[in-house]
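Dumped upload_11.txt below, it's compact mmCIF, C-alpha atoms:
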```txt
# COMPACT_ATOMS: atom_id res chain seq x y z
CA MET A 1 0.00 0.00 0.00
CA ARG A 2 2.99 2.31 0.39
CA PHE A 3 3.15 3.21 -3.30
CA THR A 4 -0.41 4.54 -3.13
CA ALA A 5 0.48 7.34 -0.69
CA PRO A 6 2.20 9.58 -3.27
CA LEU A 7 -0.30 8.47 -5.96
CA THR A 8 -3.48 9.45 -4.13
CA PRO A 9 -3.06 13.29 -4.21
CA TRP A 10 -2.45 13.03 -7.96
CA LEU A 11 -5.64 11.01 -8.35
CA TRP A 12 -7.66 13.59 -6.37
CA SER A 13 -6.25 16.39 -8.55
CA LEU A 14 -6.84 14.47 -11.79
CA ALA A 15 -10.43 13.65 -10.75
CA LEU A 16 -11.11 17.33 -10.02
CA CYS A 17 -9.65 18.44 -13.38
CA LEU A 18 -11.65 15.79 -15.25
CA LEU A 19 -14.86 16.73 -13.42
CA VAL A 20 -14.42 20.42 -14.32
CA ALA A 21 -13.54 19.55 -17.94
CA GLY A 22 -16.43 17.07 -18.20
CA ALA A 23 -18.99 19.47 -16.71
CA THR A 24 -17.82 22.26 -19.04
CA ALA A 25 -18.05 19.96 -22.08
CA ALA A 26 -21.45 18.69 -20.92
CA PHE A 27 -22.92 22.20 -20.85
CA MET A 28 -21.27 23.12 -24.17
CA ALA A 29 -22.90 20.18 -25.95
CA PRO A 30 -25.99 21.15 -27.99
CA GLU A 31 -29.54 20.31 -26.90
CA ASP A 32 -30.77 16.98 -28.18
CA TYR A 33 -33.41 17.35 -30.90
CA GLN A 34 -35.76 14.96 -29.06
CA GLN A 35 -34.80 15.19 -25.38
CA GLY A 36 -33.87 18.87 -25.24
CA ASP A 37 -31.68 19.83 -22.27
CA THR A 38 -32.53 16.67 -20.31
CA VAL A 39 -29.79 14.99 -22.34
CA ARG A 40 -27.36 16.69 -19.91
CA ILE A 41 -28.61 14.38 -17.16
CA MET A 42 -26.95 11.58 -19.13
CA PHE A 43 -23.51 12.98 -18.23
CA VAL A 44 -24.09 12.32 -14.52
CA HIS A 45 -26.43 9.32 -14.84
CA VAL A 46 -24.41 7.02 -17.13
CA PRO A 47 -21.06 7.40 -15.28
CA ALA A 48 -22.77 6.75 -11.93
CA ALA A 49 -24.55 3.66 -13.29
CA SER A 50 -21.45 2.25 -15.01
CA LEU A 51 -19.28 2.80 -11.96
CA GLY A 52 -21.93 1.38 -9.64
CA LEU A 53 -21.67 -1.84 -11.64
CA ALA A 54 -17.86 -1.80 -11.98
CA ILE A 55 -17.37 -1.09 -8.26
CA TYR A 56 -19.52 -4.09 -7.37
CA ALA A 57 -17.30 -6.21 -9.64
CA ALA A 58 -14.28 -4.90 -7.69
CA LEU A 59 -16.07 -5.67 -4.40
CA GLY A 60 -16.92 -9.18 -5.59
CA ILE A 61 -13.40 -9.96 -6.81
CA SER A 62 -11.91 -8.60 -3.56
CA SER A 63 -14.41 -10.73 -1.63
CA PHE A 64 -13.25 -13.79 -3.59
CA PHE A 65 -9.60 -13.15 -2.68
CA SER A 66 -10.59 -12.45 0.90
CA LEU A 67 -12.59 -15.67 1.18
CA VAL A 68 -10.22 -17.99 -0.68
CA PHE A 69 -6.77 -16.60 0.22
CA ARG A 70 -7.78 -14.91 3.52
CA HIS A 71 -5.78 -11.86 2.46
CA PRO A 72 -6.55 -8.98 4.87
CA LEU A 73 -5.90 -6.36 2.19
CA ALA A 74 -8.52 -7.98 -0.06
CA ASP A 75 -11.06 -7.71 2.74
CA ALA A 76 -10.09 -4.07 3.33
CA ALA A 77 -10.51 -3.42 -0.41
CA ALA A 78 -13.96 -5.00 -0.47
CA ARG A 79 -15.07 -3.06 2.59
CA ALA A 80 -13.69 0.21 1.21
CA ALA A 81 -15.54 -0.24 -2.10
CA ALA A 82 -18.99 -0.71 -0.53
CA LEU A 83 -19.88 2.88 0.42
CA PRO A 84 -18.72 4.57 -2.81
CA GLY A 85 -20.43 1.79 -4.78
CA ALA A 86 -23.70 2.28 -2.90
CA ALA A 87 -23.47 6.06 -3.37
CA TYR A 88 -22.80 5.77 -7.12
CA THR A 89 -25.68 3.30 -7.53
CA ALA A 90 -28.02 5.56 -5.54
CA LEU A 91 -26.98 8.45 -7.80
CA ALA A 92 -27.75 6.32 -10.86
CA LEU A 93 -31.23 5.59 -9.49
CA VAL A 94 -32.00 9.19 -8.48
CA THR A 95 -30.63 10.86 -11.62
CA GLY A 96 -32.33 8.18 -13.75
CA SER A 97 -35.60 9.01 -12.04
CA LEU A 98 -35.05 12.73 -12.68
CA TRP A 99 -34.44 11.90 -16.34
CA GLY A 100 -37.36 9.49 -16.55
CA GLN A 101 -40.04 11.89 -15.32
CA PRO A 102 -39.77 14.43 -18.17
CA MET A 103 -38.96 11.81 -20.86
CA TRP A 104 -41.12 8.82 -19.92
CA GLY A 105 -43.71 10.67 -17.85
CA THR A 106 -42.95 8.60 -14.75
CA TRP A 107 -40.37 8.64 -11.97
CA TRP A 108 -40.16 4.86 -11.79
CA VAL A 109 -41.21 1.69 -13.60
CA TRP A 110 -40.60 -1.88 -12.49
CA ASP A 111 -38.79 -2.81 -15.67
CA ALA A 112 -35.86 -5.22 -15.70
CA ARG A 113 -33.07 -2.62 -15.85
CA LEU A 114 -34.38 -0.35 -13.10
CA THR A 115 -35.33 -3.25 -10.86
CA SER A 116 -31.98 -5.03 -11.26
CA VAL A 117 -30.13 -1.78 -10.43
CA LEU A 118 -32.32 -1.41 -7.34
CA VAL A 119 -31.36 -4.99 -6.39
CA LEU A 120 -27.69 -4.02 -6.88
CA PHE A 121 -28.21 -1.11 -4.48
CA PHE A 122 -29.76 -3.51 -1.94
CA PHE A 123 -26.75 -5.82 -2.27
CA TYR A 124 -24.49 -2.88 -1.35
CA LEU A 125 -26.73 -1.99 1.61
CA GLY A 126 -26.89 -5.63 2.67
CA TYR A 127 -23.10 -5.94 2.49
CA MET A 128 -22.60 -2.90 4.71
CA ALA A 129 -25.38 -3.89 7.12
CA LEU A 130 -24.01 -7.43 7.47
CA ARG A 131 -20.52 -6.15 8.26
CA ALA A 132 -21.88 -3.72 10.81
CA SER A 133 -24.09 -6.31 12.50
CA ILE A 134 -21.36 -8.83 13.42
CA ASP A 135 -18.93 -7.84 16.17
CA ASP A 136 -16.24 -10.42 15.36
CA GLU A 137 -14.37 -8.80 12.46
CA GLN A 138 -13.20 -12.08 10.93
CA LYS A 139 -16.68 -13.59 10.97
CA ALA A 140 -18.10 -10.35 9.59
CA ALA A 141 -15.51 -10.36 6.80
CA ARG A 142 -16.33 -13.97 5.84
CA ALA A 143 -20.10 -13.50 5.90
CA ALA A 144 -19.88 -10.25 3.93
CA ALA A 145 -17.51 -11.87 1.40
CA VAL A 146 -20.07 -14.63 0.74
CA LEU A 147 -22.78 -12.02 0.21
CA GLY A 148 -20.40 -10.03 -2.00
CA LEU A 149 -19.83 -13.10 -4.17
CA VAL A 150 -23.55 -13.94 -4.38
CA GLY A 151 -24.23 -10.40 -5.58
CA LEU A 152 -21.97 -10.93 -8.59
CA ILE A 153 -24.81 -12.98 -10.13
CA ASN A 154 -26.76 -9.74 -10.48
CA LEU A 155 -24.12 -7.96 -12.60
CA PRO A 156 -24.82 -9.73 -15.94
CA ILE A 157 -28.55 -9.37 -15.21
CA VAL A 158 -28.12 -5.58 -14.90
CA ARG A 159 -25.86 -5.43 -17.96
CA PHE A 160 -28.02 -7.54 -20.29
CA SER A 161 -31.46 -6.78 -18.85
CA VAL A 162 -32.18 -4.37 -21.71
CA ASP A 163 -31.39 -7.14 -24.24
CA TRP A 164 -33.10 -10.05 -22.48
CA TRP A 165 -36.38 -8.29 -21.69
CA ASN A 166 -38.53 -5.55 -23.17
CA THR A 167 -37.73 -2.54 -21.03
CA LEU A 168 -38.74 1.09 -20.99
CA HIS A 169 -35.06 1.81 -20.39
CA GLN A 170 -33.21 2.23 -23.67
CA PRO A 171 -30.69 -0.40 -24.88
CA ALA A 172 -26.92 0.13 -24.45
CA SER A 173 -25.55 3.15 -26.29
CA LEU A 174 -21.85 2.75 -25.53
CA LEU A 175 -20.84 -0.91 -25.30
CA ARG A 176 -22.36 -2.23 -28.51
CA ALA A 177 -20.97 -4.67 -31.05
CA ASP A 178 -21.28 -2.04 -33.81
CA GLY A 179 -19.71 0.76 -31.74
CA PRO A 180 -21.27 3.59 -29.70
CA SER A 181 -24.53 4.96 -31.10
CA LEU A 182 -23.92 8.39 -29.59
CA SER A 183 -22.90 11.38 -31.65
CA ALA A 184 -19.34 12.64 -30.94
CA VAL A 185 -20.69 15.88 -29.40
CA TYR A 186 -22.23 13.77 -26.61
CA LEU A 187 -19.75 10.91 -26.60
CA TRP A 188 -16.67 12.93 -25.64
CA PRO A 189 -18.18 14.78 -22.66
CA LEU A 190 -19.63 11.46 -21.52
CA LEU A 191 -16.27 9.69 -21.77
CA ILE A 192 -14.58 12.52 -19.83
CA MET A 193 -17.24 12.32 -17.10
CA MET A 194 -16.87 8.54 -16.95
CA ALA A 195 -13.11 8.93 -16.57
CA ALA A 196 -13.71 11.56 -13.85
CA TYR A 197 -16.05 9.28 -11.88
CA GLY A 198 -13.60 6.39 -12.32
CA VAL A 199 -10.54 8.31 -11.16
CA LEU A 200 -12.52 9.80 -8.27
CA PHE A 201 -13.52 6.30 -7.21
CA LEU A 202 -9.86 5.18 -7.35
CA ALA A 203 -8.87 8.12 -5.13
CA LEU A 204 -11.72 7.35 -2.71
CA TRP A 205 -10.95 3.63 -2.72
CA LEU A 206 -7.21 3.94 -2.11
CA THR A 207 -7.82 6.51 0.65
CA ALA A 208 -10.43 4.26 2.28
CA ILE A 209 -8.19 1.15 2.03
CA ARG A 210 -5.32 3.02 3.68
CA THR A 211 -7.71 4.27 6.37
CA GLU A 212 -8.97 0.72 6.95
CA VAL A 213 -5.39 -0.56 7.33
CA ILE A 214 -4.67 2.21 9.86
CA ARG A 215 -7.95 1.47 11.71
CA ARG A 216 -6.96 -2.19 12.04
CA ARG A 217 -3.55 -1.20 13.37
CA VAL A 218 -5.28 1.02 15.95
CA VAL A 219 -7.58 -1.85 16.97
CA THR A 220 -4.55 -4.17 17.32
CA LEU A 221 -2.59 -1.63 19.38
CA ARG A 222 -5.57 -1.02 21.67
CA ALA A 223 -6.07 -4.76 22.15
CA ARG A 224 -2.37 -5.21 22.93
CA ARG A 225 -2.49 -2.34 25.40
CA ALA A 226 -5.57 -3.82 27.09
CA LEU A 227 -3.74 -7.16 27.47
CA GLU A 228 -0.67 -5.46 28.94
CA ALA A 229 -2.73 -3.45 31.47
CA MET B 1 -19.56 26.41 -28.90
CA MET B 2 -20.65 28.37 -25.82
CA ILE B 3 -21.62 27.11 -22.38
CA ASP B 4 -25.43 26.90 -22.28
CA LEU B 5 -26.94 27.28 -18.81
CA ASP B 6 -30.54 27.86 -19.91
CA MET B 7 -32.16 24.49 -19.23
CA SER B 8 -35.77 25.57 -19.63
CA PRO B 9 -38.27 23.94 -19.61
CA TYR B 10 -36.38 21.11 -17.85
CA ALA B 11 -34.24 23.22 -15.49
CA ALA B 12 -35.65 21.64 -12.32
CA PHE B 13 -34.74 18.12 -13.49
CA VAL B 14 -31.32 18.92 -14.97
CA TRP B 15 -30.07 21.12 -12.12
CA ALA B 16 -31.45 18.76 -9.47
CA ALA B 17 -29.58 15.82 -11.06
CA TRP B 18 -26.32 17.76 -11.21
CA ALA B 19 -26.71 19.29 -7.73
CA ILE B 20 -27.48 15.94 -6.09
CA SER B 21 -24.53 14.33 -7.90
CA ALA B 22 -22.18 17.13 -6.82
CA ALA B 23 -23.41 16.99 -3.21
CA VAL B 24 -23.07 13.19 -2.94
CA LEU B 25 -19.61 13.12 -4.54
CA ALA B 26 -18.43 16.00 -2.33
CA GLY B 27 -19.85 14.23 0.72
CA LEU B 28 -18.00 11.01 -0.18
CA CYS B 29 -14.72 12.89 -0.59
CA LEU B 30 -15.09 14.84 2.67
CA ARG B 31 -16.05 11.71 4.59
CA ALA B 32 -13.11 9.72 3.22
CA LEU B 33 -10.60 12.48 3.94
CA ALA B 34 -12.00 13.17 7.43
CA ALA B 35 -11.91 9.46 8.35
CA SER B 36 -8.36 9.15 7.05
CA ARG B 37 -7.26 12.15 9.09
CA ARG B 38 -9.03 10.95 12.25
CA TRP B 39 -7.56 7.43 12.18
CA ARG B 40 -4.05 8.69 11.34
CA HIS B 41 -4.28 11.07 14.29
CA THR B 42 -5.48 8.25 16.60
CA LEU B 43 -2.65 5.97 15.44
CA SER B 44 -0.02 8.68 15.96
CA ALA B 45 -1.33 9.33 19.48
CA LEU B 46 -1.28 5.60 20.32
CA GLU B 47 2.23 5.12 18.93
CA ALA B 48 3.48 8.18 20.83
CA ASP B 49 1.96 6.76 24.06
CA ARG B 50 3.57 3.42 23.38
CA ALA B 51 6.99 4.98 22.69
CA ALA B 52 6.71 7.02 25.92
CA GLY B 53 5.78 3.85 27.82
CA ASP B 54 8.75 1.96 26.39
CA GLU B 55 11.13 4.76 27.38
CA ALA B 56 9.73 4.83 30.93
```
Give the structure from this file in structure tokens form.
Amino acid sequence: MRFTAPLTPWLWSLALCLLVAGATAAFMAPEDYQQGDTVRIMFVHVPAASLGLAIYAALGISSFFSLVFRHPLADAAARAAALPGAAYTALALVTGSLWGQPMWGTWWVWDARLTSVLVLFFFYLGYMALRASIDDEQKAARAAAVLGLVGLINLPIVRFSVDWWNTLHQPASLLRADGPSLSAVYLWPLLIMMAAYGVLFLALWLTAIRTEVIRRRVVTLRARRALEA
Amino acid sequence: MMIDLDMSPYAAFVWAAWAISAAVLAGLCLRALAASRRWRHTLSALEADRAAGDEA
């Protein structure tokens, strides 16, 4: 983890620069001929949704290493990913709702994409609640890692829900076999915002992992002190 | 191209989405940095206590 200490301030700075550049590009893009200015919600909705999914993949993979190899850093990584992942997923749900009301005429529909993202959000909440509810840290780590792994099943469902079922949510615009369907005037600001959200998550994640390592050292020192007293 | 800040007639939806996103991301950053600072401070204090105890 030592190499991350000098890297983290650079990541914070890069995330800030990308956010400013992305926001500027987002408000310079023209109105969409069908959606008008609501298209600008896409620049905060899509990065939050993509990262919500990617962060859960990181949480699941870390949980696997924690469960199989009992590596404490893997457990710290999984734990540190949960809160940013939940926040990004919540942002995807809220901004999606704010986009849905003017475009679809409803804040929410129980279609496959929206419902599977809500399930993803509940997996994050469940992961954090399970960790918080067990006092023994090792037992909590193991139980949460199992839940983290189970939640991985939901990721392909979220990703392919728009292909497998008829949904009100539109199909994928970026990751398509025939290339992105977005015009360049929207694609570039979107890619910059996605990079910004990604780099910001890395900065948050590395900071939280380091904090978790320090917290565990504090717990160990306190326990040692209590034994010596 | 110029920056366009006139979101009418969808201003409430667009600005709410951006404001909520900014607030949540800022909150995440502040929380992470505050927790990092707090635990580093606690560790330093504990290690200083321990070093003082060893010297005594």
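One distance worth recording is that between atom CA of A:Ala81 and atom CA of A:Leu206, which is 9.3 Å.
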Next on the checklist: Can you tell me which residues surround stretch 17-34 of chain B at a distance of at most 10 Å, considering only C-alpha atoms, apart from same-chain residues fewer than 4 positions away, and format the answer as a count of residues only?
Outcome noted: 42
Checklist entry - Do you know which residues are at most 12 Å from stretch 152-161 of chain A counting all atoms listed in the file, after dropping those on the same chain fewer than 6 positions away, and could you put them as a VMD selection string? => result chain A and resid 49 to 64 89 111 to 124 145 to 146 167 to 176
Store the residues picked out above, limited to C-alpha atoms, as a compact mmCIF listing (two decimals), in the coordinates of the input.
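Output below, filename selection.txt:
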```txt
# COMPACT_ATOMS: atom_id res chain seq x y z
CA ALA A 49 -24.55 3.66 -13.29
CA SER A 50 -21.45 2.25 -15.01
CA LEU A 51 -19.28 2.80 -11.96
CA GLY A 52 -21.93 1.38 -9.64
CA LEU A 53 -21.67 -1.84 -11.64
CA ALA A 54 -17.86 -1.80 -11.98
CA ILE A 55 -17.37 -1.09 -8.26
CA TYR A 56 -19.52 -4.09 -7.37
CA ALA A 57 -17.30 -6.21 -9.64
CA ALA A 58 -14.28 -4.90 -7.69
CA LEU A 59 -16.07 -5.67 -4.40
CA GLY A 60 -16.92 -9.18 -5.59
CA ILE A 61 -13.40 -9.96 -6.81
CA SER A 62 -11.91 -8.60 -3.56
CA SER A 63 -14.41 -10.73 -1.63
CA PHE A 64 -13.25 -13.79 -3.59
CA THR A 89 -25.68 3.30 -7.53
CA ASP A 111 -38.79 -2.81 -15.67
CA ALA A 112 -35.86 -5.22 -15.70
CA ARG A 113 -33.07 -2.62 -15.85
CA LEU A 114 -34.38 -0.35 -13.10
CA THR A 115 -35.33 -3.25 -10.86
CA SER A 116 -31.98 -5.03 -11.26
CA VAL A 117 -30.13 -1.78 -10.43
CA LEU A 118 -32.32 -1.41 -7.34
CA VAL A 119 -31.36 -4.99 -6.39
CA LEU A 120 -27.69 -4.02 -6.88
CA PHE A 121 -28.21 -1.11 -4.48
CA PHE A 122 -29.76 -3.51 -1.94
CA PHE A 123 -26.75 -5.82 -2.27
CA TYR A 124 -24.49 -2.88 -1.35
CA ALA A 145 -17.51 -11.87 1.40
CA VAL A 146 -20.07 -14.63 0.74
CA THR A 167 -37.73 -2.54 -21.03
CA LEU A 168 -38.74 1.09 -20.99
CA HIS A 169 -35.06 1.81 -20.39
CA GLN A 170 -33.21 2.23 -23.67
CA PRO A 171 -30.69 -0.40 -24.88
CA ALA A 172 -26.92 0.13 -24.45
CA SER A 173 -25.55 3.15 -26.29
CA LEU A 174 -21.85 2.75 -25.53
CA LEU A 175 -20.84 -0.91 -25.30
CA ARG A 176 -22.36 -2.23 -28.51
```
Next on the checklist: Within 12 Å of (-4.0, 0.8, 9.5) (file coordinates; only C-alpha atoms), which protein or nucleic acid residues are there? I'd like them as a PyMOL selection string.
Outcome noted: (chain A and resi 1-2+72-73+76+207-221) or (chain B and resi 35-44)
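Interatomic distance, atom CA of A:Arg224 against atom CA of B:Leu46: 11.2 Å.
The interatomic distance for the pair atom CA of A:Asp178 and atom CA of A:Ala25 works out to 25.1 Å.
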Item to check | Nearest residue to chain B from the set A:Gly36, A:Gly198, A:Pro189, A:Pro9 (distances using all atoms listed in the file) | outcome: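 Comparing A:Gly36, A:Gly198, A:Pro189, A:Pro9 against chain B, the winner is A:Gly36.
Nearest to chain A of all the residues B:Ala45, B:Gly53, B:Pro9, B:Ile3 is B:Ile3, based on only C-alpha atoms.
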Next on the checklist: I'd like to know which of A:Ile134, A:Glu228, A:Val150, A:Ala78 is closest to chain B, using only C-alpha atoms.
Outcome noted: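 Ranking A:Ile134, A:Glu228, A:Val150, A:Ala78 by distance to chain B, first place goes to A:Glu228.
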Checklist entry - Between A:Met28, A:Leu7, A:Leu147, A:Ala15, which is the closest to B:Leu5 once you count all atoms listed in the file? => result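 Of all the options, A:Met28 lies closest to B:Leu5.
Nearest residue to A:Gly151 among A:Leu16, A:Leu125, A:Gln34, A:Arg131 is A:Leu125, counting only C-alpha atoms.
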Return as lines of an AutoDock Vina configuration file the box centre and box size in Å, one decimal, for an axis-aligned box around all listed atoms of stretch 43-46 of chain A padded by 4 Å per side.
```
center_x = -25.0
center_y = 10.0
center_z = -16.4
size_x = 10.9
size_y = 14.0
size_z = 11.7
```
Next on the checklist: Which residues are near A:Ala132? Cut-off 12 Å, only C-alpha atoms, ignore same chain within fewer than 6 positions. Put them as a ChimeraX atom specification.
Outcome noted: /A:79,125-126,139-141,143-144
Quick one: stretch 2-27 of chain B with N, CA and C atoms, as a PDB file, keeping the file's coordinate frame?
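selection_34.pdb written:
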```pdb
ATOM      1  N   MET B   2     -20.607  27.640 -27.097  1.00  0.00           N
ATOM      2  CA  MET B   2     -20.650  28.370 -25.820  1.00  0.00           C
ATOM      3  C   MET B   2     -21.274  27.485 -24.749  1.00  0.00           C
ATOM      4  N   ILE B   3     -20.964  27.814 -23.473  1.00  0.00           N
ATOM      5  CA  ILE B   3     -21.620  27.110 -22.380  1.00  0.00           C
ATOM      6  C   ILE B   3     -23.079  27.559 -22.324  1.00  0.00           C
ATOM      7  N   ASP B   4     -23.999  26.589 -22.303  1.00  0.00           N
ATOM      8  CA  ASP B   4     -25.430  26.900 -22.280  1.00  0.00           C
ATOM      9  C   ASP B   4     -25.986  26.532 -20.907  1.00  0.00           C
ATOM     10  N   LEU B   5     -26.422  27.554 -20.157  1.00  0.00           N
ATOM     11  CA  LEU B   5     -26.940  27.280 -18.810  1.00  0.00           C
ATOM     12  C   LEU B   5     -28.469  27.435 -18.742  1.00  0.00           C
ATOM     13  N   ASP B   6     -29.082  27.737 -19.887  1.00  0.00           N
ATOM     14  CA  ASP B   6     -30.540  27.860 -19.910  1.00  0.00           C
ATOM     15  C   ASP B   6     -31.151  26.477 -20.174  1.00  0.00           C
ATOM     16  N   MET B   7     -31.668  25.872 -19.120  1.00  0.00           N
ATOM     17  CA  MET B   7     -32.160  24.490 -19.230  1.00  0.00           C
ATOM     18  C   MET B   7     -33.671  24.426 -19.405  1.00  0.00           C
ATOM     19  N   SER B   8     -34.313  25.577 -19.559  1.00  0.00           N
ATOM     20  CA  SER B   8     -35.770  25.570 -19.630  1.00  0.00           C
ATOM     21  C   SER B   8     -36.249  24.761 -20.846  1.00  0.00           C
ATOM     22  N   PRO B   9     -37.325  24.019 -20.739  1.00  0.00           N
ATOM     23  CA  PRO B   9     -38.270  23.940 -19.610  1.00  0.00           C
ATOM     24  C   PRO B   9     -37.935  22.814 -18.618  1.00  0.00           C
ATOM     25  N   TYR B  10     -36.713  22.281 -18.691  1.00  0.00           N
ATOM     26  CA  TYR B  10     -36.380  21.110 -17.850  1.00  0.00           C
ATOM     27  C   TYR B  10     -35.385  21.462 -16.740  1.00  0.00           C
ATOM     28  N   ALA B  11     -35.272  22.767 -16.433  1.00  0.00           N
ATOM     29  CA  ALA B  11     -34.240  23.220 -15.490  1.00  0.00           C
ATOM     30  C   ALA B  11     -34.309  22.478 -14.156  1.00  0.00           C
ATOM     31  N   ALA B  12     -35.513  22.286 -13.637  1.00  0.00           N
ATOM     32  CA  ALA B  12     -35.650  21.640 -12.320  1.00  0.00           C
ATOM     33  C   ALA B  12     -35.041  20.235 -12.328  1.00  0.00           C
ATOM     34  N   PHE B  13     -35.241  19.497 -13.404  1.00  0.00           N
ATOM     35  CA  PHE B  13     -34.740  18.120 -13.490  1.00  0.00           C
ATOM     36  C   PHE B  13     -33.222  18.099 -13.702  1.00  0.00           C
ATOM     37  N   VAL B  14     -32.755  18.934 -14.632  1.00  0.00           N
ATOM     38  CA  VAL B  14     -31.320  18.920 -14.970  1.00  0.00           C
ATOM     39  C   VAL B  14     -30.491  19.414 -13.790  1.00  0.00           C
ATOM     40  N   TRP B  15     -30.869  20.565 -13.219  1.00  0.00           N
ATOM     41  CA  TRP B  15     -30.070  21.120 -12.120  1.00  0.00           C
ATOM     42  C   TRP B  15     -30.161  20.256 -10.869  1.00  0.00           C
ATOM     43  N   ALA B  16     -31.329  19.654 -10.635  1.00  0.00           N
ATOM     44  CA  ALA B  16     -31.450  18.760  -9.470  1.00  0.00           C
ATOM     45  C   ALA B  16     -30.503  17.568  -9.624  1.00  0.00           C
ATOM     46  N   ALA B  17     -30.446  16.985 -10.824  1.00  0.00           N
ATOM     47  CA  ALA B  17     -29.580  15.820 -11.060  1.00  0.00           C
ATOM     48  C   ALA B  17     -28.114  16.191 -10.837  1.00  0.00           C
ATOM     49  N   TRP B  18     -27.717  17.337 -11.371  1.00  0.00           N
ATOM     50  CA  TRP B  18     -26.320  17.760 -11.210  1.00  0.00           C
ATOM     51  C   TRP B  18     -26.016  18.157  -9.761  1.00  0.00           C
ATOM     52  N   ALA B  19     -26.952  18.849  -9.119  1.00  0.00           N
ATOM     53  CA  ALA B  19     -26.710  19.290  -7.730  1.00  0.00           C
ATOM     54  C   ALA B  19     -26.612  18.095  -6.788  1.00  0.00           C
ATOM     55  N   ILE B  20     -27.512  17.122  -6.959  1.00  0.00           N
ATOM     56  CA  ILE B  20     -27.480  15.940  -6.090  1.00  0.00           C
ATOM     57  C   ILE B  20     -26.173  15.171  -6.319  1.00  0.00           C
ATOM     58  N   SER B  21     -25.781  15.037  -7.593  1.00  0.00           N
ATOM     59  CA  SER B  21     -24.530  14.330  -7.900  1.00  0.00           C
ATOM     60  C   SER B  21     -23.344  15.032  -7.247  1.00  0.00           C
ATOM     61  N   ALA B  22     -23.293  16.365  -7.397  1.00  0.00           N
ATOM     62  CA  ALA B  22     -22.180  17.130  -6.820  1.00  0.00           C
ATOM     63  C   ALA B  22     -22.163  16.983  -5.304  1.00  0.00           C
ATOM     64  N   ALA B  23     -23.339  17.064  -4.681  1.00  0.00           N
ATOM     65  CA  ALA B  23     -23.410  16.990  -3.210  1.00  0.00           C
ATOM     66  C   ALA B  23     -22.965  15.605  -2.717  1.00  0.00           C
ATOM     67  N   VAL B  24     -23.426  14.551  -3.388  1.00  0.00           N
ATOM     68  CA  VAL B  24     -23.070  13.190  -2.940  1.00  0.00           C
ATOM     69  C   VAL B  24     -21.571  12.933  -3.136  1.00  0.00           C
ATOM     70  N   LEU B  25     -21.037  13.341  -4.288  1.00  0.00           N
ATOM     71  CA  LEU B  25     -19.610  13.120  -4.540  1.00  0.00           C
ATOM     72  C   LEU B  25     -18.755  13.927  -3.551  1.00  0.00           C
ATOM     73  N   ALA B  26     -19.169  15.173  -3.297  1.00  0.00           N
ATOM     74  CA  ALA B  26     -18.430  16.000  -2.330  1.00  0.00           C
ATOM     75  C   ALA B  26     -18.499  15.372  -0.940  1.00  0.00           C
ATOM     76  N   GLY B  27     -19.673  14.879  -0.581  1.00  0.00           N
ATOM     77  CA  GLY B  27     -19.850  14.230   0.720  1.00  0.00           C
ATOM     78  C   GLY B  27     -18.948  13.003   0.861  1.00  0.00           C
TER      79      GLY B  27
END
```
